[in-house]
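Data file: start39.pdb. Format and content: PDB, C-alpha atoms and all ligand atoms.
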```
ATOM      1  CA  MET V   1     -20.138  -4.347  14.144
ATOM      2  CA  LYS V   2     -17.899  -1.306  14.686
ATOM      3  CA  VAL V   3     -14.683  -0.821  12.708
ATOM      4  CA  SER V   4     -12.308   2.159  12.953
ATOM      5  CA  PHE V   5     -10.347   3.202   9.870
ATOM      6  CA  ILE V   6      -7.291   5.460   9.948
ATOM      7  CA  GLY V   7      -5.732   6.929   6.793
ATOM      8  CA  LEU V   8      -8.031   8.038   3.976
ATOM      9  CA  GLY V   9      -5.557   8.472   1.132
ATOM     10  CA  ASN V  10      -5.744   7.029  -2.400
ATOM     11  CA  MET V  11      -6.186   3.513  -1.020
ATOM     12  CA  GLY V  12      -7.722   4.057   2.413
ATOM     13  CA  PHE V  13     -10.673   6.129   1.212
ATOM     14  CA  PRO V  14     -12.190   3.522  -1.147
ATOM     15  CA  MET V  15     -11.431   0.734   1.339
ATOM     16  CA  ALA V  16     -13.264   2.587   4.130
ATOM     17  CA  GLN V  17     -16.145   3.289   1.772
ATOM     18  CA  ASN V  18     -16.487  -0.429   1.015
ATOM     19  CA  LEU V  19     -16.748  -1.201   4.732
ATOM     20  CA  LEU V  20     -19.624   1.263   4.978
ATOM     21  CA  LYS V  21     -21.267  -0.343   1.940
ATOM     22  CA  ALA V  22     -20.875  -3.756   3.601
ATOM     23  CA  GLY V  23     -22.865  -2.485   6.581
ATOM     24  CA  TYR V  24     -20.113  -1.938   9.162
ATOM     25  CA  GLU V  25     -20.498   0.899  11.648
ATOM     26  CA  LEU V  26     -17.493   2.985  10.635
ATOM     27  CA  ILE V  27     -15.395   5.417  12.670
ATOM     28  CA  VAL V  28     -12.829   7.362  10.648
ATOM     29  CA  TYR V  29      -9.725   9.428  11.351
ATOM     30  CA  ASN V  30      -7.468  11.227   8.881
ATOM     31  CA  ARG V  31      -4.638  13.682   9.594
ATOM     32  CA  THR V  32      -6.153  16.127   7.080
ATOM     33  CA  PRO V  33      -9.707  16.238   8.464
ATOM     34  CA  GLU V  34     -11.397  17.512   5.252
ATOM     35  CA  LYS V  35     -10.913  14.095   3.639
ATOM     36  CA  VAL V  36     -13.375  12.473   6.074
ATOM     37  CA  GLU V  37     -16.313  14.680   4.967
ATOM     38  CA  PRO V  38     -17.712  12.498   2.112
ATOM     39  CA  LEU V  39     -17.654   9.448   4.412
ATOM     40  CA  LEU V  40     -19.452  11.330   7.198
ATOM     41  CA  LYS V  41     -22.175  12.164   4.679
ATOM     42  CA  GLN V  42     -22.455   8.423   3.967
ATOM     43  CA  GLY V  43     -22.921   7.584   7.663
ATOM     44  CA  ALA V  44     -19.421   7.245   9.145
ATOM     45  CA  ARG V  45     -18.542   8.867  12.487
ATOM     46  CA  TYR V  46     -15.534  11.134  12.995
ATOM     47  CA  ALA V  47     -12.798  10.561  15.552
ATOM     48  CA  LYS V  48     -10.582  13.529  16.443
ATOM     49  CA  THR V  49      -7.494  11.381  17.136
ATOM     50  CA  PRO V  50      -6.275   7.832  16.427
ATOM     51  CA  LEU V  51      -6.665   7.189  20.180
ATOM     52  CA  GLU V  52     -10.338   8.173  20.054
ATOM     53  CA  ALA V  53     -10.864   5.985  16.949
ATOM     54  CA  ALA V  54      -9.270   2.981  18.679
ATOM     55  CA  LYS V  55     -11.235   3.504  21.911
ATOM     56  CA  GLU V  56     -14.509   3.494  19.983
ATOM     57  CA  SER V  57     -14.137  -0.031  18.585
ATOM     58  CA  ASN V  58     -12.421  -3.356  19.080
ATOM     59  CA  LEU V  59     -10.872  -3.296  15.641
ATOM     60  CA  VAL V  60      -8.760  -0.640  13.916
ATOM     61  CA  ILE V  61      -7.519  -0.719  10.323
ATOM     62  CA  THR V  62      -4.612   1.547   9.360
ATOM     63  CA  MET V  63      -3.681   2.523   5.777
ATOM     64  CA  LEU V  64      -0.862   5.079   5.983
ATOM     65  CA  SER V  65       2.050   6.095   3.776
ATOM     66  CA  ASP V  66       5.098   4.696   5.528
ATOM     67  CA  ASP V  67       6.860   3.633   8.736
ATOM     68  CA  ALA V  68       7.065   7.161  10.172
ATOM     69  CA  ALA V  69       3.330   7.784   9.681
ATOM     70  CA  LEU V  70       2.328   4.453  11.213
ATOM     71  CA  GLU V  71       4.682   4.860  14.181
ATOM     72  CA  GLU V  72       3.181   8.266  14.924
ATOM     73  CA  VAL V  73      -0.378   6.973  14.672
ATOM     74  CA  VAL V  74       0.283   3.886  16.804
ATOM     75  CA  GLU V  75       2.862   4.977  19.359
ATOM     76  CA  GLY V  76       2.245   8.729  19.663
ATOM     77  CA  PRO V  77       0.585  10.168  22.797
ATOM     78  CA  ASN V  78      -2.749  10.169  20.918
ATOM     79  CA  GLY V  79      -2.013   6.830  19.326
ATOM     80  CA  ILE V  80      -3.808   3.528  18.899
ATOM     81  CA  LEU V  81      -1.786   1.704  21.560
ATOM     82  CA  ASN V  82      -3.230   3.964  24.246
ATOM     83  CA  GLY V  83      -6.802   3.609  22.979
ATOM     84  CA  LEU V  84      -7.353   0.008  21.870
ATOM     85  CA  PRO V  85      -8.967  -2.183  24.560
ATOM     86  CA  GLU V  86      -7.454  -5.529  25.625
ATOM     87  CA  THR V  87      -8.069  -8.230  22.951
ATOM     88  CA  GLY V  88      -8.560  -5.421  20.397
ATOM     89  CA  ILE V  89      -7.034  -5.933  16.940
ATOM     90  CA  HIS V  90      -4.932  -3.581  14.851
ATOM     91  CA  ILE V  91      -5.071  -4.605  11.181
ATOM     92  CA  SER V  92      -2.162  -2.911   9.423
ATOM     93  CA  ALA V  93      -2.636  -2.585   5.644
ATOM     94  CA  SER V  94       0.205  -0.128   4.902
ATOM     95  CA  THR V  95       3.376  -1.274   3.161
ATOM     96  CA  ILE V  96       5.868  -0.942   6.015
ATOM     97  CA  SER V  97       9.226  -2.417   6.955
ATOM     98  CA  VAL V  98       9.617  -5.931   8.299
ATOM     99  CA  ASP V  99      11.259  -4.482  11.422
ATOM    100  CA  LEU V 100       8.369  -2.142  12.195
ATOM    101  CA  ALA V 101       5.800  -4.920  11.748
ATOM    102  CA  ARG V 102       7.798  -7.040  14.208
ATOM    103  CA  LYS V 103       8.102  -4.157  16.680
ATOM    104  CA  LEU V 104       4.390  -3.318  16.557
ATOM    105  CA  SER V 105       3.421  -6.983  17.050
ATOM    106  CA  ALA V 106       5.424  -6.939  20.304
ATOM    107  CA  ALA V 107       4.110  -3.535  21.422
ATOM    108  CA  HIS V 108       0.482  -4.623  20.970
ATOM    109  CA  ALA V 109       1.127  -7.996  22.630
ATOM    110  CA  GLU V 110       2.545  -6.208  25.687
ATOM    111  CA  ARG V 111      -0.876  -4.523  26.070
ATOM    112  CA  LYS V 112      -2.749  -7.776  25.418
ATOM    113  CA  GLN V 113      -3.839  -6.420  22.034
ATOM    114  CA  TYR V 114      -3.261  -8.120  18.656
ATOM    115  CA  PHE V 115      -1.422  -6.990  15.521
ATOM    116  CA  VAL V 116      -2.353  -8.463  12.148
ATOM    117  CA  SER V 117      -0.710  -7.556   8.873
ATOM    118  CA  ALA V 118      -3.083  -7.291   5.889
ATOM    119  CA  THR V 119      -1.047  -5.649   3.145
ATOM    120  CA  VAL V 120      -2.761  -5.259  -0.191
ATOM    121  CA  LEU V 121      -2.019  -5.818  -3.887
ATOM    122  CA  GLY V 122      -3.899  -3.628  -6.341
ATOM    123  CA  ARG V 123      -4.196   0.073  -7.059
ATOM    124  CA  PRO V 124      -6.974   2.543  -6.076
ATOM    125  CA  ASP V 125      -9.297   1.313  -8.867
ATOM    126  CA  ALA V 126      -9.023  -2.239  -7.468
ATOM    127  CA  ALA V 127      -9.617  -0.893  -3.943
ATOM    128  CA  LYS V 128     -12.753   0.905  -5.151
ATOM    129  CA  ALA V 129     -14.061  -2.255  -6.823
ATOM    130  CA  ALA V 130     -13.256  -4.358  -3.675
ATOM    131  CA  LYS V 131     -10.920  -6.420  -5.877
ATOM    132  CA  LEU V 132      -7.761  -6.169  -3.799
ATOM    133  CA  ARG V 133      -5.605  -9.218  -3.129
ATOM    134  CA  ILE V 134      -4.806  -9.292   0.566
ATOM    135  CA  LEU V 135      -1.786 -10.856   2.286
ATOM    136  CA  LEU V 136      -2.892 -11.801   5.790
ATOM    137  CA  ALA V 137      -0.422 -12.699   8.532
ATOM    138  CA  GLY V 138      -0.657 -12.922  12.310
ATOM    139  CA  HIS V 139      -1.870 -15.146  15.100
ATOM    140  CA  GLU V 140      -4.240 -17.832  13.716
ATOM    141  CA  GLN V 141      -7.279 -16.937  15.848
ATOM    142  CA  THR V 142      -6.799 -13.250  15.145
ATOM    143  CA  ARG V 143      -6.660 -13.935  11.414
ATOM    144  CA  GLN V 144     -10.033 -15.660  11.728
ATOM    145  CA  ARG V 145     -11.476 -12.538  13.388
ATOM    146  CA  ALA V 146     -10.081 -10.331  10.618
ATOM    147  CA  LEU V 147     -11.196 -12.482   7.667
ATOM    148  CA  PRO V 148     -14.874 -11.438   7.367
ATOM    149  CA  ILE V 149     -13.969  -7.746   7.451
ATOM    150  CA  LEU V 150     -11.190  -8.151   4.890
ATOM    151  CA  SER V 151     -13.456 -10.101   2.583
ATOM    152  CA  ALA V 152     -15.454  -6.862   2.130
ATOM    153  CA  LEU V 153     -12.301  -5.289   0.673
ATOM    154  CA  GLY V 154     -10.820  -7.856  -1.656
ATOM    155  CA  GLN V 155     -11.324 -10.668  -4.147
ATOM    156  CA  GLU V 156      -8.697 -13.010  -2.675
ATOM    157  CA  ILE V 157      -7.044 -13.411   0.711
ATOM    158  CA  PHE V 158      -3.728 -15.247   1.052
ATOM    159  CA  GLU V 159      -3.004 -16.506   4.569
ATOM    160  CA  ILE V 160       0.765 -16.118   4.753
ATOM    161  CA  GLY V 161       1.720 -17.123   8.271
ATOM    162  CA  ASP V 162       1.406 -16.756  12.042
ATOM    163  CA  HIS V 163       3.698 -13.735  12.387
ATOM    164  CA  GLY V 164       2.560 -10.304  11.182
ATOM    165  CA  GLN V 165       5.888  -9.381   9.611
ATOM    166  CA  GLU V 166       5.714 -12.397   7.235
ATOM    167  CA  GLY V 167       2.947 -10.635   5.285
ATOM    168  CA  ASN V 168       5.177  -7.591   4.918
ATOM    169  CA  VAL V 169       8.062  -9.679   3.577
ATOM    170  CA  VAL V 170       5.807 -11.091   0.845
ATOM    171  CA  LYS V 171       4.334  -7.680  -0.006
ATOM    172  CA  ILE V 172       7.810  -6.129  -0.257
ATOM    173  CA  GLY V 173       8.920  -9.020  -2.487
ATOM    174  CA  VAL V 174       5.948  -8.624  -4.837
ATOM    175  CA  ASN V 175       6.393  -4.858  -5.074
ATOM    176  CA  PHE V 176      10.054  -5.378  -5.885
ATOM    177  CA  LEU V 177       8.959  -7.577  -8.797
ATOM    178  CA  ILE V 178       6.611  -4.837 -10.032
ATOM    179  CA  ALA V 179       9.391  -2.234  -9.704
ATOM    180  CA  SER V 180      11.720  -4.516 -11.691
ATOM    181  CA  MET V 181       9.053  -4.937 -14.356
ATOM    182  CA  LEU V 182       8.644  -1.138 -14.564
ATOM    183  CA  GLU V 183      12.397  -0.697 -14.967
ATOM    184  CA  ALA V 184      12.586  -3.343 -17.731
ATOM    185  CA  LEU V 185       9.426  -2.128 -19.473
ATOM    186  CA  SER V 186      10.648   1.492 -19.431
ATOM    187  CA  GLU V 187      13.973   0.502 -20.946
ATOM    188  CA  ALA V 188      12.307  -1.697 -23.605
ATOM    189  CA  GLN V 189       9.661   0.929 -24.531
ATOM    190  CA  LEU V 190      12.287   3.639 -24.946
ATOM    191  CA  MET V 191      14.484   1.414 -27.102
ATOM    192  CA  VAL V 192      11.556   0.379 -29.326
ATOM    193  CA  GLU V 193      10.335   3.980 -29.696
ATOM    194  CA  LYS V 194      13.811   5.144 -30.720
ATOM    195  CA  HIS V 195      13.558   2.640 -33.581
ATOM    196  CA  GLY V 196      10.372   4.374 -34.695
ATOM    197  CA  ILE V 197       7.869   1.792 -33.432
ATOM    198  CA  GLU V 198       4.849   3.038 -31.466
ATOM    199  CA  SER V 199       4.892   1.785 -27.880
ATOM    200  CA  ALA V 200       1.171   0.864 -28.155
ATOM    201  CA  ARG V 201       2.086  -1.645 -30.929
ATOM    202  CA  PHE V 202       4.899  -2.993 -28.775
ATOM    203  CA  MET V 203       2.516  -3.386 -25.809
ATOM    204  CA  ASP V 204       0.069  -5.420 -27.948
ATOM    205  CA  VAL V 205       2.809  -8.024 -28.331
ATOM    206  CA  VAL V 206       3.956  -7.816 -24.693
ATOM    207  CA  ASN V 207       0.385  -8.268 -23.430
ATOM    208  CA  ALA V 208      -0.269 -11.206 -25.753
ATOM    209  CA  LEU V 209       2.846 -12.892 -24.399
ATOM    210  CA  PHE V 210       2.656 -12.119 -20.673
ATOM    211  CA  GLN V 211      -1.129 -11.857 -20.209
ATOM    212  CA  SER V 212      -0.794 -10.118 -16.878
ATOM    213  CA  PRO V 213      -2.944  -7.250 -15.554
ATOM    214  CA  VAL V 214       0.287  -5.823 -14.163
ATOM    215  CA  TYR V 215       1.884  -5.442 -17.613
ATOM    216  CA  GLN V 216      -1.443  -4.437 -19.121
ATOM    217  CA  ASN V 217      -2.302  -1.668 -16.632
ATOM    218  CA  TYR V 218       1.180  -0.256 -16.135
ATOM    219  CA  GLY V 219       2.047  -0.539 -19.835
ATOM    220  CA  ALA V 220      -1.053   1.481 -20.762
ATOM    221  CA  ILE V 221      -0.294   4.202 -18.190
ATOM    222  CA  MET V 222       3.258   4.504 -19.553
ATOM    223  CA  THR V 223       2.191   4.537 -23.207
ATOM    224  CA  GLU V 224      -0.501   7.144 -22.565
ATOM    225  CA  GLN V 225       1.732   9.059 -20.097
ATOM    226  CA  ARG V 226      -1.082   9.208 -17.516
ATOM    227  CA  PHE V 227       1.215  10.048 -14.619
ATOM    228  CA  GLU V 228      -1.231  12.436 -12.930
ATOM    229  CA  PRO V 229      -3.202  12.049 -10.713
ATOM    230  CA  ALA V 230      -0.980   9.316  -9.299
ATOM    231  CA  GLY V 231      -2.545   5.987  -8.367
ATOM    232  CA  PHE V 232       0.711   5.108  -6.604
ATOM    233  CA  LYS V 233       3.102   8.005  -5.991
ATOM    234  CA  MET V 234       6.730   7.715  -7.053
ATOM    235  CA  LYS V 235       7.856   8.741  -3.555
ATOM    236  CA  LEU V 236       6.001   5.675  -2.188
ATOM    237  CA  GLY V 237       7.582   3.521  -4.914
ATOM    238  CA  LEU V 238      11.024   4.678  -3.792
ATOM    239  CA  LYS V 239      10.021   3.853  -0.208
ATOM    240  CA  ASP V 240       9.076   0.299  -1.254
ATOM    241  CA  VAL V 241      12.317  -0.313  -3.149
ATOM    242  CA  ALA V 242      14.220   0.934  -0.077
ATOM    243  CA  LEU V 243      12.164  -1.521   2.034
ATOM    244  CA  ALA V 244      13.213  -4.352  -0.302
ATOM    245  CA  ILE V 245      16.883  -3.362  -0.059
ATOM    246  CA  GLY V 246      16.606  -3.263   3.758
ATOM    247  CA  ALA V 247      14.778  -6.598   3.922
ATOM    248  CA  ALA V 248      17.436  -8.220   1.705
ATOM    249  CA  GLN V 249      20.342  -6.748   3.671
ATOM    250  CA  SER V 250      18.927  -7.985   6.980
ATOM    251  CA  VAL V 251      19.238 -11.611   5.790
ATOM    252  CA  GLN V 252      22.272 -11.126   3.479
ATOM    253  CA  ALA V 253      20.194 -11.855   0.360
ATOM    254  CA  PRO V 254      21.465 -10.380  -2.922
ATOM    255  CA  LEU V 255      19.366  -7.600  -4.482
ATOM    256  CA  PRO V 256      21.626  -5.842  -7.019
ATOM    257  CA  LEU V 257      18.703  -4.753  -9.196
ATOM    258  CA  GLY V 258      17.190  -3.018  -6.178
ATOM    259  CA  GLN V 259      20.014  -0.482  -6.010
ATOM    260  CA  LEU V 260      19.741   0.323  -9.729
ATOM    261  CA  ILE V 261      15.988   0.985  -9.517
ATOM    262  CA  HIS V 262      16.500   2.962  -6.300
ATOM    263  CA  ASN V 263      18.986   5.212  -8.129
ATOM    264  CA  HIS V 264      16.594   5.805 -11.036
ATOM    265  CA  LEU V 265      13.628   6.613  -8.767
ATOM    266  CA  SER V 266      15.854   8.925  -6.680
ATOM    267  CA  VAL V 267      16.673  10.844  -9.869
ATOM    268  CA  GLY V 268      12.918  11.179 -10.444
ATOM    269  CA  ILE V 269      12.354  12.544  -6.930
ATOM    270  CA  THR V 270      15.185  15.063  -7.436
ATOM    271  CA  ARG V 271      13.492  16.198 -10.665
ATOM    272  CA  GLY V 272      10.252  16.792  -8.752
ATOM    273  CA  TYR V 273       8.350  13.662  -9.876
ATOM    274  CA  GLY V 274       7.622  12.460  -6.314
ATOM    275  CA  GLU V 275       3.862  13.078  -6.556
ATOM    276  CA  LEU V 276       3.601  11.546 -10.072
ATOM    277  CA  ASP V 277       2.660   7.915 -10.584
ATOM    278  CA  TRP V 278       5.696   5.673 -10.237
ATOM    279  CA  THR V 279       5.317   4.638 -13.909
ATOM    280  CA  ALA V 280       6.977   8.024 -14.570
ATOM    281  CA  LEU V 281      10.134   5.994 -13.947
ATOM    282  CA  ILE V 282      10.255   5.954 -17.763
ATOM    283  CA  ARG V 283      10.815   9.746 -17.661
ATOM    284  CA  CYS V 284      13.799   9.289 -15.348
ATOM    285  CA  LEU V 285      15.386   7.009 -17.969
ATOM    286  CA  GLU V 286      14.369   9.121 -20.985
ATOM    287  CA  HIS V 287      16.911  11.788 -20.152
ATOM    288  CA  SER V 288      19.671   9.511 -18.914
ATOM    289  CA  SER V 289      20.997   8.274 -22.288
TER
HETATM  290  P1  LIG T   1      -1.553   8.338   0.075
HETATM  291  O1  LIG T   1      -2.629   8.583  -0.905
HETATM  292  O2  LIG T   1      -0.333   9.186   0.032
HETATM  293  O3  LIG T   1      -2.205   8.398   1.558
HETATM  294  C1  LIG T   1      -1.389   8.351   2.681
HETATM  295  C2  LIG T   1      -2.228   8.441   3.947
HETATM  296  O4  LIG T   1      -1.318   8.481   5.080
HETATM  297  C3  LIG T   1      -3.073   9.734   4.041
HETATM  298  O5  LIG T   1      -4.266   9.439   4.724
HETATM  299  C4  LIG T   1      -2.171  10.639   4.884
HETATM  300  O6  LIG T   1      -2.878  11.645   5.577
HETATM  301  C5  LIG T   1      -1.626   9.635   5.879
HETATM  302  N1  LIG T   1      -0.407  10.115   6.558
HETATM  303  C6  LIG T   1       0.810  10.343   6.013
HETATM  304  N2  LIG T   1       1.680  10.748   6.962
HETATM  305  C7  LIG T   1       0.985  10.779   8.126
HETATM  306  C8  LIG T   1       1.334  11.087   9.465
HETATM  307  N3  LIG T   1       2.580  11.453   9.804
HETATM  308  N4  LIG T   1       0.372  10.987  10.414
HETATM  309  C9  LIG T   1      -0.889  10.609  10.098
HETATM  310  N5  LIG T   1      -1.284  10.294   8.833
HETATM  311  C10 LIG T   1      -0.349  10.363   7.879
HETATM  312  O7  LIG T   1      -1.016   6.817  -0.024
HETATM  313  P2  LIG T   1      -1.760   5.530  -0.598
HETATM  314  O8  LIG T   1      -1.474   5.426  -2.039
HETATM  315  O9  LIG T   1      -3.155   5.492  -0.088
HETATM  316  O10 LIG T   1      -0.892   4.378   0.123
HETATM  317  C11 LIG T   1      -1.090   4.029   1.494
HETATM  318  C12 LIG T   1      -0.250   2.793   1.790
HETATM  319  O11 LIG T   1      -0.679   1.712   0.946
HETATM  320  C13 LIG T   1       1.259   2.960   1.513
HETATM  321  O12 LIG T   1       1.983   2.227   2.460
HETATM  322  C14 LIG T   1       1.421   2.351   0.125
HETATM  323  O13 LIG T   1       2.743   1.901  -0.091
HETATM  324  C15 LIG T   1       0.411   1.212   0.177
HETATM  325  N6  LIG T   1      -0.157   0.788  -1.106
HETATM  326  C16 LIG T   1      -0.504   1.695  -2.059
HETATM  327  C17 LIG T   1      -1.038   1.245  -3.273
HETATM  328  C18 LIG T   1      -1.414   2.202  -4.377
HETATM  329  O14 LIG T   1      -1.549   1.749  -5.541
HETATM  330  N7  LIG T   1      -1.609   3.488  -4.103
HETATM  331  C19 LIG T   1      -1.246  -0.125  -3.482
HETATM  332  C20 LIG T   1      -0.929  -1.033  -2.461
HETATM  333  C21 LIG T   1      -0.378  -0.558  -1.279
HETATM  334  P3  LIG T   1      -3.149  13.083   4.860
HETATM  335  O15 LIG T   1      -4.406  12.899   4.082
HETATM  336  O16 LIG T   1      -3.269  14.027   5.996
HETATM  337  O17 LIG T   1      -1.946  13.386   3.974
END
```
Represent the structure of the file as structure tokens.
Ligand code: NAP
Amino acid sequence: MKVSFIGLGNMGFPMAQNLLKAGYELIVYNRTPEKVEPLLKQGARYAKTPLEAAKESNLVITMLSDDAALEEVVEGPNGILNGLPETGIHISASTISVDLARKLSAAHAERKQYFVSATVLGRPDAAKAAKLRILLAGHEQTRQRALPILSALGQEIFEIGDHGQEGNVVKIGVNFLIASMLEALSEAQLMVEKHGIESARFMDVVNALFQSPVYQNYGAIMTEQRFEPAGFKMKLGLKDVALAIGAAQSVQAPLPLGQLIHNHLSVGITRGYGELDWTALIRCLEHSS
């Protein structure tokens, strides 16, 4: 079966590679064409535009940075909308706004195509190991068509609901929790260190108590200051916190912590940390007291 994959960044590349390993006939597009080379060597085919990629198969997966990137790839003159055949499916894995997911569902439906949201939890190492957790949302029958392909990418698939944007709401909510954890962990680590206690010792206690891979992985990156190369760039972290603030505002839900974290990450971007891992949030706080 043919699958087209668009967006071969930190996450998209290992995901596409796993589809090849699972035996799918893969067609790939990336804005920076050099990134497709290793996949071509492994048997993938190259599409010159998103339109060409969509025309070549009945199913396109996108994994792009943000709303602007996805809008360009879907709605641009060389975009997916113009290439995907009727009944074709667009599986959107990027973390995008609730509004854009809603808009793209309607745009695809107008062309008798389907939009499914399959946002992912897990960093590039989890993507490489096909251990992502996937939040699947969209029309029931379309979800069934997407399931076997997604099972080649992840360890667990949560079926969230019948409307694509519902998956994005849940993803944005979970990422807001991770951002809040990073803020709290940064503040706690700095306080403990200033009392002369090594943060690795502190993390032993935190991990024993919380027993979460999220605390474990992020805590280790912060303690060891492994901010480069970024698994998840701070500029994308800021994007996700902004998405949470927008999602909360649209339904008048309170999110006061969101603004605080947004301010701290914005300081980091101003200092030039945008391409560092978002755990470098601790550096933004280091100099603020
Ligand atoms: P990334 O490494 O920065 O890759 C971004 C991808 O988007 C690249 O392929 C890039 O192409 C493409 N792109 C950006 N702007 C574009 C445009 N205007 N037109 C066409 N292509 C464009 O990001 P990532 O870490 O893989 O993240 C991708 C998505 O997954 C984001 O929504 C992120 O929030 C989400 N996510 C990330 C993680 C993580 O841990 N990294 C985990 C879960 C979800 P070029 O190669 O040409 O730059």
Carefully work through the PyMOL selection byres (((chain V and resi 70) around 12) and not hetatm) for this structure and note down the residues it includes, as a ChimeraX atom specification.
/V:6-7,31,50,61-69,71-76,79-81,90-97,100-101,103-104
Around (1.5, -7.3, 24.7) in the file's own coordinates, what residues are found within 12 Å if you use all atoms listed in the file, given back as a list in words?
Leu81, Leu84, Pro85, Glu86, Thr87, Gly88, Ile89, Lys103, Leu104, Ser105, Ala106, Ala107, His108, Ala109, Glu110, Arg111, Lys112, Gln113, Tyr114 and Phe115 of chain V
Go ahead and dump the residues you just picked, C-alpha atoms, as a short mmCIF file (atom, residue, chain, number, x, y, z; two decimals), in the frame of the given file.
```cif
data_model
loop_
_atom_site.label_atom_id
_atom_site.label_comp_id
_atom_site.auth_asym_id
_atom_site.auth_seq_id
_atom_site.Cartn_x
_atom_site.Cartn_y
_atom_site.Cartn_z
CA LEU V 81 -1.79 1.70 21.56
CA LEU V 84 -7.35 0.01 21.87
CA PRO V 85 -8.97 -2.18 24.56
CA GLU V 86 -7.45 -5.53 25.62
CA THR V 87 -8.07 -8.23 22.95
CA GLY V 88 -8.56 -5.42 20.40
CA ILE V 89 -7.03 -5.93 16.94
CA LYS V 103 8.10 -4.16 16.68
CA LEU V 104 4.39 -3.32 16.56
CA SER V 105 3.42 -6.98 17.05
CA ALA V 106 5.42 -6.94 20.30
CA ALA V 107 4.11 -3.54 21.42
CA HIS V 108 0.48 -4.62 20.97
CA ALA V 109 1.13 -8.00 22.63
CA GLU V 110 2.54 -6.21 25.69
CA ARG V 111 -0.88 -4.52 26.07
CA LYS V 112 -2.75 -7.78 25.42
CA GLN V 113 -3.84 -6.42 22.03
CA TYR V 114 -3.26 -8.12 18.66
CA PHE V 115 -1.42 -6.99 15.52
#
```
Could you state the separation of atom CA of Met15 of chain V and atom CA of Leu150 of chain V in Å, given to one decimal place?
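Computed distance, atom CA of Met15 of chain V to atom CA of Leu150 of chain V, equals 9.6 Å.
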Residue with the minimum atom-to-atom distance to ligand LIG 1 (chain T), picked from V:Asn175, V:Ser186, V:Ser250, V:Asn207 with only C-alpha atoms and all ligand atoms counted, is V:Asn175
Ref. answer, residues at most 8 Å from (-9.7, -5.9, -1.4) with only C-alpha atoms, as a list in words:
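Within 8 Å of (-9.7, -5.9, -1.4), the protein and nucleic acid residues are Met15, Val120, Gly122, Ala126, Ala127, Ala129, Ala130, Lys131, Leu132, Arg133, Ile134, Leu150, Ser151, Ala152, Leu153, Gly154, Gln155 and Glu156 of chain V.
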Extending 6 Å beyond the listed atoms of ligand LIG 1 (chain T) on each side, what axis-aligned box results? I want centre and edge lengths in Å to one decimal, as JSON.
```
{"center_x": -0.8, "center_y": 6.5, "center_z": 2.4, "size_x": 19.1, "size_y": 27.1, "size_z": 28.0}
```
Using the chain letters and numbers from the file, give me the residues hit by the PyMOL selection byres (((chain V and resi 222-232) around 10) and not hetatm), as number ranges by chain.
V: 10-11, 122-125, 182, 185-186, 189, 198-203, 217-221, 233-237, 273-283
From the list V:Ala242, V:Ala247, V:Ile269, V:Val205, which residue is nearest ligand LIG 1 (chain T) when using only C-alpha atoms and all ligand atoms?
V:Ala242
Option closest in space to ligand LIG 1 (chain T), from V:Leu40, V:Val241, V:Leu190, V:Leu136 [counting all atoms listed in the file]:
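That would be V:Val241, the residue with the smallest distance to ligand LIG 1 (chain T).
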